[in-house]
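Below is data.tsv, which holds TSV, C-alpha atoms.
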```tsv
chain	number	residue	atom	x	y	z
A	5	MET	CA	99.55	133.96	82.57
A	6	SER	CA	95.99	132.69	82.18
A	7	ARG	CA	93.91	131.20	84.94
A	8	THR	CA	94.00	127.80	83.19
A	9	SER	CA	97.80	127.69	83.07
A	10	VAL	CA	98.02	128.67	86.74
A	11	CYS	CA	95.61	125.88	87.67
A	12	THR	CA	97.57	123.41	85.56
A	13	THR	CA	100.81	124.52	87.22
A	14	CYS	CA	99.25	124.16	90.68
A	15	TYR	CA	97.87	120.73	89.78
A	16	ARG	CA	101.27	119.53	88.58
A	17	ALA	CA	102.89	120.82	91.79
A	18	LEU	CA	100.29	119.00	93.91
A	19	VAL	CA	100.64	115.75	91.99
A	20	GLY	CA	104.43	116.09	92.09
A	21	THR	CA	104.37	116.64	95.84
A	22	ARG	CA	102.15	113.59	96.35
A	23	GLU	CA	104.50	111.44	94.25
A	24	ASP	CA	107.54	112.87	96.05
A	25	LEU	CA	105.99	111.89	99.37
A	26	LEU	CA	105.23	108.37	98.15
A	27	GLU	CA	108.75	107.85	96.81
A	28	ALA	CA	110.26	109.19	100.02
A	29	ALA	CA	108.00	106.94	102.10
A	30	LYS	CA	109.08	103.90	100.04
A	31	GLN	CA	112.72	104.86	100.54
A	32	CYS	CA	112.24	105.32	104.28
A	33	LEU	CA	110.41	102.01	104.58
A	34	ALA	CA	113.28	100.24	102.85
A	35	GLU	CA	115.94	101.97	104.92
A	36	ARG	CA	114.29	102.30	108.34
A	37	GLY	CA	111.23	100.08	108.40
A	38	TYR	CA	107.69	101.04	109.30
A	39	ALA	CA	108.06	101.57	113.03
A	40	ARG	CA	111.22	103.69	112.76
A	41	THR	CA	110.03	105.92	109.90
A	42	THR	CA	108.95	109.30	111.19
A	43	VAL	CA	107.17	112.13	109.43
A	44	ARG	CA	110.40	114.11	109.76
A	45	ASP	CA	112.25	111.37	107.85
A	46	ILE	CA	109.67	111.47	105.06
A	47	VAL	CA	109.66	115.27	104.91
A	48	ALA	CA	113.46	115.38	104.76
A	49	ALA	CA	113.63	112.70	102.05
A	50	SER	CA	110.87	114.28	99.96
A	51	GLY	CA	111.86	117.93	100.28
A	52	THR	CA	108.26	118.76	101.22
A	53	ASN	CA	106.66	119.70	104.53
A	54	LEU	CA	104.47	118.18	107.21
A	55	ALA	CA	101.39	119.95	105.90
A	56	ALA	CA	101.84	118.13	102.57
A	57	ILE	CA	101.56	114.73	104.31
A	58	ASN	CA	98.38	115.84	106.04
A	59	TYR	CA	96.94	117.36	102.85
A	60	HIS	CA	97.62	114.38	100.57
A	61	PHE	CA	97.27	111.43	102.95
A	62	GLY	CA	95.84	112.61	106.26
A	63	THR	CA	98.31	110.69	108.41
A	64	ARG	CA	101.75	109.14	108.34
A	65	ASP	CA	100.19	105.69	108.59
A	66	LYS	CA	97.97	106.24	105.54
A	67	LEU	CA	100.98	107.49	103.57
A	68	LEU	CA	103.08	104.51	104.60
A	69	GLN	CA	100.24	102.12	103.82
A	70	GLN	CA	99.91	103.56	100.31
A	71	ALA	CA	103.68	103.32	99.84
A	72	MET	CA	103.58	99.68	100.97
A	73	LEU	CA	100.71	98.87	98.61
A	74	GLU	CA	102.58	100.38	95.69
A	75	SER	CA	105.77	98.55	96.65
A	76	SER	CA	103.84	95.30	96.86
A	77	ALA	CA	102.24	95.87	93.45
A	78	THR	CA	105.66	96.58	91.98
A	79	ALA	CA	107.00	93.39	93.56
A	80	VAL	CA	104.21	91.30	92.01
A	81	THR	CA	104.91	92.96	88.67
A	82	GLN	CA	108.59	92.02	89.06
A	83	ILE	CA	107.64	88.40	89.77
A	84	LEU	CA	105.38	88.19	86.73
A	85	ALA	CA	107.96	89.97	84.55
A	86	ALA	CA	110.51	87.33	85.57
A	87	LEU	CA	108.40	84.60	84.01
A	88	PRO	CA	110.26	83.17	81.02
A	89	ALA	CA	108.61	82.35	77.72
A	90	THR	CA	107.09	78.92	77.45
A	91	ASP	CA	109.65	76.27	76.50
A	92	PRO	CA	108.09	72.80	76.62
A	93	ILE	CA	111.38	71.20	75.57
A	94	ASP	CA	113.29	72.07	78.75
A	95	PRO	CA	110.97	72.97	81.68
A	96	PRO	CA	113.74	72.72	84.35
A	97	ALA	CA	115.90	75.23	82.45
A	98	ARG	CA	112.88	77.52	82.22
A	99	LEU	CA	112.30	77.23	85.98
A	100	GLU	CA	115.96	77.90	86.70
A	101	ALA	CA	115.86	81.00	84.48
A	102	PHE	CA	112.85	82.21	86.46
A	103	TRP	CA	114.62	81.71	89.81
A	104	GLN	CA	117.71	83.48	88.50
A	105	SER	CA	115.65	86.42	87.29
A	106	LEU	CA	114.01	86.74	90.70
A	107	ILE	CA	117.30	86.48	92.58
A	108	THR	CA	118.76	89.16	90.33
A	109	SER	CA	115.78	91.35	91.18
A	110	PHE	CA	116.27	90.69	94.91
A	111	VAL	CA	119.84	91.95	94.58
A	112	GLU	CA	119.36	94.83	92.13
A	113	ASN	CA	116.08	96.10	93.63
A	114	ALA	CA	116.81	95.41	97.29
A	115	PRO	CA	114.96	98.50	98.61
A	116	LEU	CA	111.79	97.37	96.82
A	117	TRP	CA	111.99	93.92	98.38
A	118	HIS	CA	112.82	95.32	101.84
A	119	ALA	CA	109.73	97.52	101.65
A	120	ASN	CA	107.72	94.52	100.44
A	121	ALA	CA	108.82	92.46	103.45
A	122	GLU	CA	107.93	95.36	105.74
A	123	CYS	CA	104.54	95.50	104.06
A	124	LEU	CA	103.89	91.86	104.88
A	125	ASN	CA	104.60	92.54	108.54
A	126	GLN	CA	102.27	95.53	108.69
A	127	ALA	CA	99.48	93.59	106.99
A	128	LEU	CA	99.07	91.70	110.25
A	129	HIS	CA	97.78	94.95	111.77
A	130	SER	CA	95.71	96.34	108.90
A	131	PRO	CA	92.70	94.54	107.41
A	132	GLU	CA	92.75	96.87	104.38
A	133	LEU	CA	96.40	96.21	103.66
A	134	ARG	CA	95.92	92.48	104.23
A	135	ALA	CA	93.05	92.44	101.69
A	136	GLU	CA	95.12	94.31	99.09
A	137	LEU	CA	98.06	91.97	99.59
A	138	ALA	CA	95.80	88.93	99.33
A	139	ASP	CA	94.59	90.20	95.95
A	140	ALA	CA	98.18	90.77	94.81
A	141	GLN	CA	99.22	87.30	95.93
A	142	ALA	CA	96.25	85.74	94.13
A	143	LEU	CA	97.29	87.54	90.95
A	144	ALA	CA	100.84	86.24	91.30
A	145	ARG	CA	99.64	82.67	91.94
A	146	ARG	CA	97.45	82.79	88.83
A	147	GLY	CA	100.32	84.08	86.72
A	148	LEU	CA	102.67	81.42	88.07
A	149	ALA	CA	100.06	78.69	87.52
A	150	GLU	CA	99.60	79.77	83.91
A	151	ALA	CA	103.32	80.05	83.27
A	152	PHE	CA	104.44	76.78	84.85
A	153	GLY	CA	101.42	74.58	85.43
A	154	ASN	CA	99.02	75.02	82.51
A	155	GLY	CA	96.66	76.79	84.90
A	156	ASP	CA	97.05	74.29	87.76
A	157	ARG	CA	96.48	76.43	90.87
A	158	ASN	CA	98.51	74.01	92.98
A	159	VAL	CA	101.61	74.85	90.94
A	160	GLY	CA	101.01	78.57	91.47
A	161	ALA	CA	100.55	78.02	95.21
A	162	VAL	CA	103.79	76.03	95.54
A	163	LEU	CA	105.83	78.53	93.52
A	164	GLN	CA	104.38	81.51	95.41
A	165	THR	CA	105.29	79.81	98.68
A	166	MET	CA	108.81	79.13	97.45
A	167	ILE	CA	109.19	82.75	96.32
A	168	GLY	CA	108.27	83.99	99.81
A	169	GLY	CA	110.81	81.70	101.44
A	170	LEU	CA	113.47	82.58	98.91
A	171	LEU	CA	112.88	86.30	99.45
A	172	VAL	CA	113.26	85.97	103.21
A	173	GLN	CA	116.50	84.04	102.81
A	174	TRP	CA	117.93	86.61	100.38
A	175	LEU	CA	116.95	89.48	102.68
A	176	VAL	CA	118.30	87.89	105.87
A	177	ASP	CA	121.39	86.01	104.69
A	178	PRO	CA	122.19	86.56	101.01
A	179	ASP	CA	125.61	84.89	101.29
A	180	ASN	CA	123.97	81.58	102.16
A	181	ALA	CA	120.67	81.86	100.28
A	182	PRO	CA	120.05	79.17	97.65
A	183	SER	CA	120.97	79.79	94.04
A	184	ALA	CA	118.68	79.25	91.08
A	185	ALA	CA	120.52	76.02	90.25
A	186	GLN	CA	120.09	74.73	93.82
A	187	LEU	CA	116.36	75.46	93.80
A	188	THR	CA	115.88	73.72	90.47
A	189	ALA	CA	117.95	70.71	91.54
A	190	GLY	CA	116.01	70.54	94.80
A	191	ALA	CA	112.66	70.62	92.98
A	192	ARG	CA	113.86	67.81	90.72
A	193	ALA	CA	114.96	65.75	93.73
A	194	ILE	CA	111.58	66.24	95.42
A	195	ILE	CA	109.77	65.08	92.29
A	196	ARG	CA	112.00	61.98	92.01
A	197	ALA	CA	111.46	61.13	95.69
```
Show this structure as structure tokens.
Amino acid sequence: MSRTSVCTTCYRALVGTREDLLEAAKQCLAERGYARTTVRDIVAASGTNLAAINYHFGTRDKLLQQAMLESSATAVTQILAALPATDPIDPPARLEAFWQSLITSFVENAPLWHANAECLNQALHSPELRAELADAQALARRGLAEAFGNGDRNVGAVLQTMIGGLLVQWLVDPDNAPSAAQLTAGARAIIRA
């Protein structure tokens, strides 16, 4: 075996270990939350060792912060992916399709959204995390404004706010959280009032 192939093998193992740690941290965040996730939990879920956490991230907190940032980025991607194609003929149906797509994501990707909610809580204690989340939220607002408001930032702000409230309701009490049809009907009623 040549020196180059050994180095490539070592590199792949290192990158794989780093990714294993991140995936395990995301899983632990979703299952246990930030405060209750220990390095032992992450090591057990990743199949790695404590030294790997220190080598790749330095500390448990830095690993969990990176996992939260990635979860948040994935959540924003899910929101933007839920945006339906432009249909000027029936905007309410388009909005309802968007809500339904998000609700489906809340149900099918619950661990992602649990980790995202945990990320929001931890942002209160980390200026770096708060800055990253602010950038992600701005991206989502812009995408929502383009999709539903012809670039009107107010539309993006309102929809982003509604998404946050909807997420919390689906995480806390999914049996009583509003449906896509209820949200659309409510928006129509507000506009008429």
What is the distance, in Å and to one decimal place, between atom CA of Gln69 of chain A and atom CA of Ser50 of chain A? 16.6 Å
Using all atoms listed in the file, find the one residue out of A:Ala151, A:Leu25, A:Leu68, A:Leu33 that sits nearest to Gly51 of chain A.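 Among the listed residues, A:Leu25 lies closest to Gly51 of chain A.
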Of the candidates A:Ser76, A:Arg157, A:Asn180, A:Ala101, which one gets nearest to Ala127 of chain A if we count all atoms listed in the file? A:Ser76
Check the smallest atom-to-atom distance from each of A:Gln70, A:Asn158, A:Thr63, A:Gln164 to Leu26 of chain A using all atoms listed in the file, then report the winner.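 Once distances to Leu26 of chain A are computed over all atoms listed in the file, the minimum belongs to A:Gln70.
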In Å, how far is it from atom CA of Ala77 of chain A to atom CA of Ala121 of chain A? 12.4 Å
Which distance in Å separates atom CA of Leu67 of chain A and atom CA of Ala34 of chain A, to one decimal?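 Going from atom CA of Leu67 of chain A over to atom CA of Ala34 of chain A covers 14.3 Å.
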All residues 10 Å or closer to segment 102-106 of chain A, only C-alpha atoms, same chain fewer than 3 positions away omitted, as a list in words: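 Listing them by chain and then by number gives Gln82, Ile83, Leu84, Ala85, Ala86, Leu87, Pro88, Ala89, Pro96, Ala97, Arg98, Leu99, Ser109, Phe110, Val111, Glu112, Met166, Ile167, Leu170, Leu171, Pro182, Ser183, Ala184, Ala185, Gln186, Leu187 and Thr188 of chain A.
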Surrounding residues of segment 41-46 of chain A excluding itself and chain neighbours under 6 positions, 8 Å, all atoms listed in the file, as JSON, numbers by chain: {"A": [25, 28, 29, 32, 33, 54, 64]}
For the residues selected in the previous step, produce a file with C-alpha atoms as a PDB file, in the coordinates of the input.
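Here's the written file selection_9.pdb:
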```
ATOM      1  CA  LEU A  25     105.990 111.890  99.370  1.00  0.00           C
ATOM      2  CA  ALA A  28     110.260 109.190 100.020  1.00  0.00           C
ATOM      3  CA  ALA A  29     108.000 106.940 102.100  1.00  0.00           C
ATOM      4  CA  CYS A  32     112.240 105.320 104.280  1.00  0.00           C
ATOM      5  CA  LEU A  33     110.410 102.010 104.580  1.00  0.00           C
ATOM      6  CA  LEU A  54     104.470 118.180 107.210  1.00  0.00           C
ATOM      7  CA  ARG A  64     101.750 109.140 108.340  1.00  0.00           C
TER       8      ARG A  64
END
```
Please, what is the axis-aligned box for every listed atom of segment 127-135 of chain A with 6 Å on each side, as centre and edge lengths in Å to one decimal, as AutoDock Vina command-line options?
```
--center_x 96.1 --center_y 94.3 --center_z 106.7 --size_x 18.8 --size_y 17.2 --size_z 22.1
```
Which residue of A:Asn53, A:Thr108, A:Gln31, A:Ser75 approaches Pro178 of chain A most closely, using all atoms listed in the file: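 Among A:Asn53, A:Thr108, A:Gln31, A:Ser75, it is A:Thr108 that comes nearest to Pro178 of chain A.
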Would you pick out the contacts of Met72 of chain A at 8 Å or less, using all atoms listed in the file, so that residues sharing its chain but fewer than 6 positions from it are not included, and give the list as an NGL selection string? :A and (30 or 119-120 or 122-123)
Return the single residue from A:Gln173, A:Arg134, A:Asp156, A:Thr21 that is closest to Ala49 of chain A, with distances computed using all atoms listed in the file.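 Nearest to Ala49 of chain A: A:Thr21.
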